[in-house]
Structure formats: C-alpha cells, structure tokens
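**Q** Provided herewith: query-v3.txt, compact mmCIF, C-alpha atoms.
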# COMPACT_ATOMS: atom_id res chain seq x y z
CA MET A 3 8.07 71.30 -65.60
CA ALA A 4 10.53 69.09 -67.35
CA GLN A 5 12.72 66.17 -66.57
CA ILE A 6 15.56 64.18 -68.08
CA LYS A 7 16.24 60.48 -68.23
CA ILE A 8 19.86 59.33 -68.20
CA ASN A 9 20.74 55.91 -69.60
CA LYS A 10 23.34 54.94 -67.00
CA GLU A 11 24.81 52.12 -69.10
CA LEU A 12 25.64 54.50 -71.97
CA CYS A 13 27.00 57.26 -69.69
CA LYS A 14 30.77 57.55 -69.31
CA GLY A 15 30.75 60.30 -66.71
CA CYS A 16 32.59 62.91 -68.81
CA GLY A 17 30.66 65.64 -67.01
CA LEU A 18 29.85 67.87 -70.00
CA CYS A 19 26.15 67.83 -68.98
CA VAL A 20 27.09 68.76 -65.42
CA MET A 21 29.21 71.63 -66.79
CA TYR A 22 26.45 73.09 -69.00
CA CYS A 23 23.35 72.50 -66.83
CA PRO A 24 22.15 76.05 -66.06
CA LYS A 25 20.32 74.84 -62.91
CA GLY A 26 23.06 72.61 -61.55
CA ILE A 27 20.76 69.65 -60.97
CA ILE A 28 22.86 67.02 -62.71
CA ARG A 29 25.71 65.69 -60.62
CA ARG A 30 28.31 62.95 -60.67
CA SER A 31 27.34 59.91 -58.64
CA ASN A 32 29.81 57.63 -56.90
CA LYS A 33 28.24 54.50 -58.41
CA LEU A 34 29.76 52.48 -61.22
CA ASN A 35 27.98 51.10 -64.28
CA LYS A 36 28.78 47.82 -66.05
CA LYS A 37 31.68 49.35 -67.99
CA GLY A 38 33.20 50.78 -64.82
CA TYR A 39 32.39 54.46 -65.37
CA MET A 40 30.99 56.70 -62.66
CA TYR A 41 27.77 57.82 -64.29
CA VAL A 42 25.90 61.07 -63.69
CA GLU A 43 22.59 61.44 -61.91
CA PHE A 44 19.62 63.75 -62.22
CA LYS A 45 18.92 65.02 -58.72
CA LYS A 46 15.98 67.34 -58.23
CA GLN A 47 16.49 69.80 -55.43
CA LYS A 48 13.87 71.71 -53.52
CA GLY A 49 12.77 74.82 -55.37
CA ILE A 50 14.93 74.14 -58.44
CA ASP A 51 13.17 72.69 -61.46
CA CYS A 52 14.54 71.38 -64.72
CA VAL A 53 13.64 73.92 -67.43
CA GLY A 54 13.96 71.53 -70.37
CA CYS A 55 16.66 73.56 -72.17
CA THR A 56 18.15 70.29 -73.60
CA PHE A 57 21.74 71.62 -73.17
CA CYS A 58 22.76 68.38 -71.41
CA ALA A 59 21.34 66.19 -74.19
CA VAL A 60 22.88 68.37 -76.92
CA MET A 61 26.35 68.11 -75.32
CA CYS A 62 26.17 64.39 -74.41
CA PRO A 63 28.73 62.50 -76.57
CA GLU A 64 27.02 59.18 -75.77
CA SER A 65 23.44 60.32 -76.57
CA ALA A 66 22.54 58.95 -73.15
CA ILE A 67 20.09 61.71 -72.18
CA GLU A 68 16.45 62.04 -73.17
CA VAL A 69 14.45 65.15 -72.26
CA PHE A 70 10.73 65.29 -71.45
CA LYS A 71 8.62 68.42 -71.10
CA GLN A 72 4.99 69.04 -70.22
CA MET B 25 5.02 64.37 -70.68
CA LYS B 26 6.17 64.93 -74.23
CA LYS B 27 9.60 63.78 -75.34
CA ILE B 28 11.47 66.81 -76.71
CA PHE B 29 14.89 65.23 -77.17
CA SER B 30 15.21 61.57 -78.07
CA PHE B 31 17.79 59.09 -79.30
CA PRO B 32 18.18 59.38 -83.13
CA LYS B 33 16.69 56.54 -85.19
CA SER B 34 19.78 56.07 -87.35
CA LEU B 35 22.10 55.62 -84.37
CA LYS B 36 22.51 52.18 -82.84
CA LYS B 37 21.85 52.02 -79.11
CA VAL B 38 25.21 50.51 -78.18
CA PRO B 39 27.96 51.93 -75.96
CA ASN B 40 30.71 53.36 -78.19
CA HIS B 41 34.45 52.89 -77.76
CA TYR B 42 35.35 56.59 -77.56
CA CYS B 43 36.99 58.06 -74.46
CA PRO B 44 34.82 60.07 -72.04
CA GLY B 45 34.49 63.66 -73.29
CA CYS B 46 35.44 62.87 -76.90
CA GLY B 47 33.74 64.98 -79.58
CA HIS B 48 33.25 62.09 -82.03
CA GLY B 49 30.10 60.93 -80.23
CA ILE B 50 28.48 64.37 -80.55
CA VAL B 51 29.22 64.58 -84.30
CA HIS B 52 28.00 60.98 -84.86
CA ARG B 53 24.71 61.99 -83.27
CA LEU B 54 24.44 65.25 -85.27
CA ILE B 55 24.92 63.39 -88.56
CA THR B 56 22.23 60.83 -87.70
CA GLU B 57 19.85 63.59 -86.59
CA VAL B 58 20.33 65.41 -89.92
CA ILE B 59 19.81 62.17 -91.88
CA ASP B 60 16.60 61.48 -89.96
CA GLU B 61 15.36 65.03 -90.53
CA LEU B 62 16.08 64.94 -94.28
CA ASN B 63 14.60 61.41 -94.47
CA ILE B 64 17.49 60.10 -96.60
CA ARG B 65 18.46 57.07 -94.49
CA GLU B 66 17.73 54.61 -97.31
CA LYS B 67 19.85 56.61 -99.77
CA ILE B 68 22.92 57.21 -97.60
CA ILE B 69 26.30 55.55 -98.06
CA ALA B 70 28.94 56.61 -95.55
CA VAL B 71 32.67 56.07 -95.92
CA ALA B 72 34.41 55.56 -92.58
CA PRO B 73 38.05 56.64 -92.12
CA VAL B 74 41.08 55.14 -90.44
CA GLY B 75 41.57 56.71 -87.03
CA CYS B 76 39.51 56.75 -83.86
CA ALA B 77 36.28 56.64 -85.90
CA VAL B 78 37.40 53.55 -87.82
CA ILE B 79 34.44 51.48 -86.61
CA ALA B 80 31.86 54.24 -87.03
CA TYR B 81 29.83 51.74 -89.09
CA ASP B 82 29.17 49.82 -85.85
CA TYR B 83 27.28 52.84 -84.53
CA TRP B 84 25.46 54.10 -87.63
CA ASP B 85 22.39 52.21 -88.74
CA PHE B 86 22.76 52.82 -92.50
CA ASP B 87 25.01 51.62 -95.31
CA CYS B 88 28.71 52.22 -94.73
CA SER B 89 32.00 51.39 -96.40
CA GLU B 90 35.55 51.48 -95.12
CA ALA B 91 38.51 53.05 -96.91
CA ALA B 92 42.27 52.69 -96.63
CA HIS B 93 44.00 55.36 -94.58
CA GLY B 94 43.32 58.76 -96.17
CA ARG B 95 41.58 57.39 -99.25
CA ALA B 96 37.97 57.88 -98.10
CA LEU B 97 37.28 60.55 -100.73
CA ALA B 98 38.72 58.39 -103.51
CA VAL B 99 36.43 55.52 -102.45
CA ALA B 100 33.49 57.92 -102.11
CA THR B 101 34.16 59.25 -105.65
CA GLY B 102 33.88 55.71 -106.99
CA ILE B 103 30.66 54.99 -105.09
CA LYS B 104 29.07 58.27 -106.18
CA ARG B 105 29.98 57.81 -109.86
CA VAL B 106 28.55 54.29 -109.97
CA GLN B 107 25.43 55.21 -107.97
CA PRO B 108 24.80 58.93 -108.55
CA GLU B 109 21.34 58.74 -106.94
CA LYS B 110 22.89 57.82 -103.54
CA ILE B 111 23.94 60.40 -100.97
CA VAL B 112 27.60 59.71 -100.19
CA PHE B 113 29.55 61.29 -97.36
CA THR B 114 32.93 60.72 -95.79
CA TYR B 115 33.76 61.14 -92.11
CA GLN B 116 37.46 61.83 -91.62
CA GLY B 117 39.85 62.94 -88.93
CA ASP B 118 42.80 65.29 -89.29
CA GLY B 119 45.45 62.57 -89.56
CA ASP B 120 43.39 60.91 -92.27
CA LEU B 121 42.21 63.87 -94.33
CA ALA B 122 45.00 66.40 -93.76
CA ALA B 123 48.13 64.21 -93.60
CA ILE B 124 48.17 60.94 -95.53
CA GLY B 125 45.04 61.74 -97.53
CA ILE B 126 45.69 65.38 -98.45
CA ALA B 127 46.30 64.50 -102.14
CA GLU B 128 43.03 62.54 -102.48
CA THR B 129 41.19 65.31 -100.63
CA LEU B 130 42.59 68.12 -102.78
CA TYR B 131 41.90 66.37 -106.06
CA ALA B 132 38.40 65.18 -105.11
CA ALA B 133 37.60 68.77 -104.10
CA ASN B 134 39.22 70.20 -107.23
CA ARG B 135 37.18 67.90 -109.45
CA GLY B 136 34.08 69.25 -107.69
CA GLU B 137 32.78 65.80 -106.84
CA ASN B 138 29.22 65.99 -105.51
CA LEU B 139 30.16 64.74 -102.04
CA THR B 140 29.91 65.81 -98.42
CA THR B 141 32.87 65.58 -96.08
CA ILE B 142 32.75 65.89 -92.31
CA PHE B 143 36.27 66.72 -91.12
CA ILE B 144 37.00 66.22 -87.41
CA ASN B 145 39.92 68.34 -86.28
CA ASN B 146 41.22 67.48 -82.81
CA ALA B 147 44.82 68.66 -83.34
CA VAL B 148 46.48 65.29 -82.58
CA TYR B 149 46.64 61.71 -83.82
CA GLY B 150 44.22 60.35 -81.22
CA MET B 151 44.19 56.66 -82.08
CA THR B 152 47.95 56.12 -82.10
CA GLY B 153 48.60 57.89 -78.82
CA GLY B 154 48.75 61.66 -79.34
CA GLN B 155 51.48 62.34 -81.88
CA MET B 156 51.72 65.66 -83.74
CA ALA B 157 49.18 66.02 -86.55
CA PRO B 158 49.26 68.59 -89.39
CA THR B 159 46.65 70.56 -87.46
CA THR B 160 48.50 70.62 -84.11
CA VAL B 161 48.55 74.27 -83.05
CA LEU B 162 51.74 76.20 -82.31
CA LYS B 163 53.26 75.56 -78.84
CA GLN B 164 50.98 72.54 -78.30
CA LYS B 165 52.77 69.67 -76.57
CA THR B 166 52.33 66.22 -78.08
CA THR B 167 54.33 63.00 -77.70
CA THR B 168 56.45 63.87 -80.76
CA THR B 169 56.76 67.58 -79.92
CA PRO B 170 57.51 67.45 -76.18
CA LEU B 171 58.68 71.08 -76.15
CA GLY B 172 55.66 72.29 -78.11
CA ARG B 173 55.22 72.68 -81.86
CA GLY B 174 57.55 75.40 -83.14
CA SER B 175 57.05 77.48 -86.27
CA ASN B 176 60.75 77.03 -87.24
CA ASN B 177 60.96 73.28 -86.72
CA GLU B 178 57.58 71.82 -87.58
CA GLY B 179 55.90 74.80 -89.21
CA PRO B 180 52.50 76.30 -88.46
CA PRO B 181 49.29 74.19 -88.56
CA LEU B 182 47.75 73.35 -91.92
CA LYS B 183 44.50 75.22 -92.50
CA VAL B 184 42.71 72.68 -94.68
CA SER B 185 39.42 74.55 -94.88
CA GLU B 186 41.06 77.71 -96.18
CA ILE B 187 43.09 75.71 -98.74
CA LEU B 188 40.01 73.88 -100.04
CA ALA B 189 37.92 77.06 -100.10
CA GLY B 190 40.28 78.42 -102.74
CA LEU B 191 39.38 75.66 -105.22
CA ASP B 192 36.69 76.22 -107.88
CA GLY B 193 34.95 72.85 -107.42
CA VAL B 194 34.18 73.48 -103.74
CA CYS B 195 30.78 75.05 -103.04
CA PHE B 196 30.58 75.13 -99.25
CA VAL B 197 33.16 75.25 -96.46
CA GLU B 198 32.37 76.01 -92.85
CA ARG B 199 34.34 75.60 -89.63
CA ASN B 200 32.51 74.87 -86.40
CA ALA B 201 33.25 73.43 -82.99
CA VAL B 202 31.48 71.13 -80.55
CA CYS B 203 32.62 72.96 -77.42
CA SER B 204 29.29 74.44 -76.26
CA PRO B 205 25.57 73.82 -76.86
CA ALA B 206 25.33 76.88 -79.15
CA GLN B 207 28.27 75.72 -81.26
CA VAL B 208 26.91 72.16 -81.43
CA LEU B 209 23.63 73.48 -82.85
CA LYS B 210 25.57 75.61 -85.38
CA THR B 211 27.53 72.51 -86.39
CA LYS B 212 24.27 70.65 -86.97
CA LYS B 213 23.03 73.47 -89.20
CA ALA B 214 26.24 73.36 -91.23
CA ILE B 215 26.06 69.55 -91.63
CA LYS B 216 22.44 69.87 -92.80
CA LYS B 217 23.45 72.52 -95.34
CA ALA B 218 26.27 70.30 -96.60
CA PHE B 219 23.84 67.41 -97.19
CA GLU B 220 21.29 69.72 -98.84
CA ASN B 221 24.01 70.93 -101.22
CA GLN B 222 24.61 67.34 -102.30
CA LEU B 223 20.87 66.71 -102.74
CA GLU B 224 20.75 69.79 -105.00
CA GLY B 225 23.89 68.66 -106.86
CA LYS B 226 25.91 71.77 -106.10
CA GLY B 227 29.33 70.17 -105.64
CA PHE B 228 31.84 69.48 -102.90
CA SER B 229 30.93 70.53 -99.34
CA LEU B 230 33.20 70.37 -96.33
CA VAL B 231 32.32 70.91 -92.67
CA GLU B 232 35.31 71.13 -90.37
CA VAL B 233 34.51 70.43 -86.72
CA LEU B 234 36.93 71.35 -83.94
CA SER B 235 36.63 68.51 -81.47
CA MET B 236 37.97 67.58 -78.05
CA CYS B 237 40.52 64.87 -77.31
CA PRO B 238 40.90 64.99 -73.49
CA THR B 239 42.98 61.80 -73.35
CA CYS B 240 45.73 62.88 -75.76
CA TRP B 241 45.73 66.49 -74.61
CA GLY B 242 46.20 65.33 -71.00
CA LYS B 243 43.23 67.35 -69.81
CA SER B 244 39.92 66.70 -68.09
CA SER B 245 36.82 66.91 -70.30
CA GLU B 246 35.95 70.32 -68.84
CA GLU B 247 39.48 71.66 -69.46
CA ALA B 248 39.43 70.24 -73.00
CA VAL B 249 36.22 72.10 -73.82
CA LYS B 250 37.72 75.34 -72.45
CA TRP B 251 40.91 74.76 -74.47
CA VAL B 252 38.93 74.48 -77.72
CA GLU B 253 36.97 77.62 -76.85
CA GLU B 254 39.96 79.71 -75.81
CA GLU B 255 43.11 78.42 -77.55
CA MET B 256 42.19 76.32 -80.58
CA VAL B 257 39.84 78.90 -82.13
CA LYS B 258 42.76 81.37 -82.27
CA SER B 259 44.48 79.16 -84.86
CA PHE B 260 41.26 77.99 -86.49
CA PRO B 261 38.72 80.86 -86.58
CA LEU B 262 35.12 79.65 -86.66
CA GLY B 263 32.57 80.60 -89.26
CA ARG B 264 31.61 80.15 -92.87
CA ILE B 265 34.59 80.31 -95.23
CA LYS B 266 32.83 79.73 -98.54
CA GLY B 267 29.25 79.37 -99.78
Please go through the file and, once you have read it, give me the structure as structure tokens.
**A**
Amino acid sequence: MAQIKINKELCKGCGLCVMYCPKGIIRRSNKLNKKGYMYVEFKKQKGIDCVGCTFCAVMCPESAIEVFKQ
Amino acid sequence: MKKIFSFPKSLKKVPNHYCPGCGHGIVHRLITEVIDELNIREKIIAVAPVGCAVIAYDYWDFDCSEAAHGRALAVATGIKRVQPEKIVFTYQGDGDLAAIGIAETLYAANRGENLTTIFINNAVYGMTGGQMAPTTVLKQKTTTTPLGRGSNNEGPPLKVSEILAGLDGVCFVERNAVCSPAQVLKTKKAIKKAFENQLEGKGFSLVEVLSMCPTCWGKSSEEAVKWVEEEMVKSFPLGRIKG
C-alpha cells in the first residue's frame, strides 16, 4: 500500500507523471490552480493500488510529488 | 505511512518560472538531492549561467553567484582559487557553455581546475525563443534554421563532451538524459560522482544532461521526451566518456 501527495500549486500539468505511472492512476484534472495550470490528480481506482515505485516523483520537474509507503 | 520520496532540503518551495515539461526542474532537484546526501550544503558555492536558468539562485537554498554570459567557469575558477575549501560548481546551458563561453570552458578544463560543471543540452537557445544553438542536431528546425540544420550550411552539432574528454586536465565526463525515470537516476549518480571527484581533488568533472524544451521544439511534453529518447541520443550517445 502506498500513496502520493501532489502539491497542486507547484504542479504545471506537464503530464510526465501521467506518462510514466505504471498503474495509470494519475490523471489530468480539469481544474485550474492559482497560476492557471491544469494540475494532475491522484485517483485511486477499484482494484488498482499505488505500488510506491516513485517514478512520478522522480520525473516531476516541479518536485510537486511526495510518496508515502507502509 | 513512511515518506519515501520528499522535497529536498536545499530546494526552496516556490513555483519556478520554467515551462511545463522542462528538464531544468528535474536537474535542479537532482543537484539539491546530491548536496543533501553528501551533506555539503554549507560548503557549496554555485555559479548560475545566463539562459533559462539565470535565476537558479532563487530556487537553490545555498550560496550562489551569477556570471556574465558564458563566463561561469572563469568566475568559478576565481572563487575556487580564493576559497579552495569550498565546493564550487557551475550550471550552464548549451548557448552559455558551448557557444559564447566555449573559450572559458576549454581553458578552465585544460587547466584542470578542481570544479564541477553541469551542462544542460537542450539543442536550442530556449530563453531567447528557440534559435539554433551549437548543439542543434542535423535537420532540426529552429527559428533561424526554418528548413532544418544542414551539414553544408551550419555544420554538424558540436560535441562538447567528446572535445573536453580529450583534454588532460579533465578527470570525468559523462553524458546522460532526463527522459525517463531510469535515465534520471543515472544522471543523479553521475552528478554525485562529479561532486565526489571535487571533494577528492581529482580535477575537472563535467556531466552533460540532455534535456527537454517542449516550448521551443513545438512539441507536447510527452513528444519532447520521446524525441530525446529516439532522435537526440543518435547525435549525442549516452554513457561515460571519460573517468
């Protein structure tokens, strides 16, 4: 069991985390942050768990993602 | 729950000015992670370039200096000679290090100055709007080469790492990319090695990082990553060149 926390004010919605997430549980939202970027969201789906691989955090150019694991 | 990936201590928690999908942010983070791991934050002096990363000192939480366009290594030489106990590194782009600053770079490397250089290669002049840089690859379209860079007209791209690897004063040269998680981790390893070389007093170390510039390439961030992986590495093969 793992989960990620996305700082939506730092996110610019480049989508590199979405591209490299092996489980496909990060997706672009249609909401804007203060700077006017459409940030990404962590959406858990039924039966698909975050594995804590940290690929999203490693690729994030804004260092907006923190990863937690049990 | 245990935190397994957190925001680096040496990085300021402010939104940066880079475009979405730019590689600068990744390399900024890698440098601060390495500095935190080596516990040298109090000893570091960084020299920021002119280019997109010109206000890198607004994002790094350690001592920084600014240099005139291309002269980062000349400034770094001065800092290191006056304060040899400090760890000095320069962070330069391709327009800075490979075009206007190639003379300073070559001579600092040839003297074997005990410095670390992080060289960001994104194949265009990003800050000024995407003009041709020395490292623009053949057939790449930029605002000053609208038909693509030709080998007859503009000549092939300048391979700075290979040129510097041929000099005696240089101890470590490696070329990496930030186009995939595996490559990012390899880049971090190379940056750590370059700092360790300076701590051991081995001489000049250079890490070239192939980076994305989605805005000036006219691509989405996903396409830009693919372009680095598939096209750019043909002109700039990855791997350790010296050391």
**Q** For chain A, which residues have at least one atom within 9 Å of chain B, if we go by only C-alpha atoms? Write them as a VMD selection string, please.
**A** chain A and resid 4 to 5 11 to 18 21 to 22 54 56 to 72
**Q** At what distance in Å, to one decimal, does CA of Lys36 in chain B lie from CA of Asp85 in chain B?
**A**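 The value is 5.9 Å.
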**Q** Give, as AutoDock Vina command-line options, the centre coordinates and the x, y and z edge lengths in Å to one decimal for an axis-aligned box around all listed atoms of range 216-227 of chain B, padded by 5 Å on each side.
**A**
--center_x 25.0 --center_y 69.6 --center_z -99.8 --size_x 18.6 --size_y 15.8 --size_z 24.1
**Q** To one decimal place in Å, what is the distance between CA of Met40 in chain A and CA of Cys23 in chain A?
**A**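 Distance reported for this atom pair: 18.0 Å.
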**Q** Could you please determine the separation between CA of Leu234 in chain B and CA of Trp251 in chain B in Å, to one decimal place?
**A**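 These two atoms are separated by 10.8 Å.
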**Q** Would you pull range 46-62 of chain B out of the block just shown and save N, CA and C atoms as a PDB file, in the first residue's frame?
**A**
ATOM      1  N   CYS B  46       9.755  21.134 -18.807  1.00  0.00           N
ATOM      2  CA  CYS B  46      11.166  21.499 -18.994  1.00  0.00           C
ATOM      3  C   CYS B  46      12.051  20.623 -18.108  1.00  0.00           C
ATOM      4  N   GLY B  47      13.238  20.280 -18.608  1.00  0.00           N
ATOM      5  CA  GLY B  47      14.131  19.404 -17.846  1.00  0.00           C
ATOM      6  C   GLY B  47      14.911  20.116 -16.753  1.00  0.00           C
ATOM      7  N   HIS B  48      14.964  21.437 -16.788  1.00  0.00           N
ATOM      8  CA  HIS B  48      15.738  22.179 -15.783  1.00  0.00           C
ATOM      9  C   HIS B  48      15.305  21.835 -14.357  1.00  0.00           C
ATOM     10  N   GLY B  49      13.964  21.758 -14.154  1.00  0.00           N
ATOM     11  CA  GLY B  49      13.448  21.494 -12.818  1.00  0.00           C
ATOM     12  C   GLY B  49      13.947  20.166 -12.271  1.00  0.00           C
ATOM     13  N   ILE B  50      14.004  19.143 -13.147  1.00  0.00           N
ATOM     14  CA  ILE B  50      14.469  17.818 -12.709  1.00  0.00           C
ATOM     15  C   ILE B  50      15.936  17.906 -12.281  1.00  0.00           C
ATOM     16  N   VAL B  51      16.768  18.590 -13.085  1.00  0.00           N
ATOM     17  CA  VAL B  51      18.200  18.655 -12.772  1.00  0.00           C
ATOM     18  C   VAL B  51      18.445  19.505 -11.522  1.00  0.00           C
ATOM     19  N   HIS B  52      17.663  20.590 -11.356  1.00  0.00           N
ATOM     20  CA  HIS B  52      17.749  21.385 -10.114  1.00  0.00           C
ATOM     21  C   HIS B  52      17.530  20.479  -8.904  1.00  0.00           C
ATOM     22  N   ARG B  53      16.494  19.629  -8.998  1.00  0.00           N
ATOM     23  CA  ARG B  53      16.185  18.763  -7.870  1.00  0.00           C
ATOM     24  C   ARG B  53      17.297  17.739  -7.635  1.00  0.00           C
ATOM     25  N   LEU B  54      17.834  17.160  -8.741  1.00  0.00           N
ATOM     26  CA  LEU B  54      18.891  16.153  -8.589  1.00  0.00           C
ATOM     27  C   LEU B  54      20.111  16.742  -7.892  1.00  0.00           C
ATOM     28  N   ILE B  55      20.491  17.973  -8.267  1.00  0.00           N
ATOM     29  CA  ILE B  55      21.655  18.614  -7.656  1.00  0.00           C
ATOM     30  C   ILE B  55      21.421  18.810  -6.157  1.00  0.00           C
ATOM     31  N   THR B  56      20.222  19.287  -5.786  1.00  0.00           N
ATOM     32  CA  THR B  56      19.960  19.521  -4.361  1.00  0.00           C
ATOM     33  C   THR B  56      19.897  18.199  -3.591  1.00  0.00           C
ATOM     34  N   GLU B  57      19.387  17.146  -4.227  1.00  0.00           N
ATOM     35  CA  GLU B  57      19.362  15.839  -3.562  1.00  0.00           C
ATOM     36  C   GLU B  57      20.779  15.356  -3.277  1.00  0.00           C
ATOM     37  N   VAL B  58      21.670  15.512  -4.283  1.00  0.00           N
ATOM     38  CA  VAL B  58      23.069  15.074  -4.120  1.00  0.00           C
ATOM     39  C   VAL B  58      23.745  15.881  -3.017  1.00  0.00           C
ATOM     40  N   ILE B  59      23.511  17.197  -2.999  1.00  0.00           N
ATOM     41  CA  ILE B  59      24.118  18.068  -1.982  1.00  0.00           C
ATOM     42  C   ILE B  59      23.633  17.680  -0.590  1.00  0.00           C
ATOM     43  N   ASP B  60      22.337  17.358  -0.472  1.00  0.00           N
ATOM     44  CA  ASP B  60      21.818  16.908   0.823  1.00  0.00           C
ATOM     45  C   ASP B  60      22.446  15.579   1.243  1.00  0.00           C
ATOM     46  N   GLU B  61      22.592  14.661   0.266  1.00  0.00           N
ATOM     47  CA  GLU B  61      23.146  13.347   0.591  1.00  0.00           C
ATOM     48  C   GLU B  61      24.609  13.435   1.007  1.00  0.00           C
ATOM     49  N   LEU B  62      25.378  14.302   0.333  1.00  0.00           N
ATOM     50  CA  LEU B  62      26.803  14.443   0.669  1.00  0.00           C
ATOM     51  C   LEU B  62      27.017  15.372   1.870  1.00  0.00           C
TER      52      LEU B  62
END
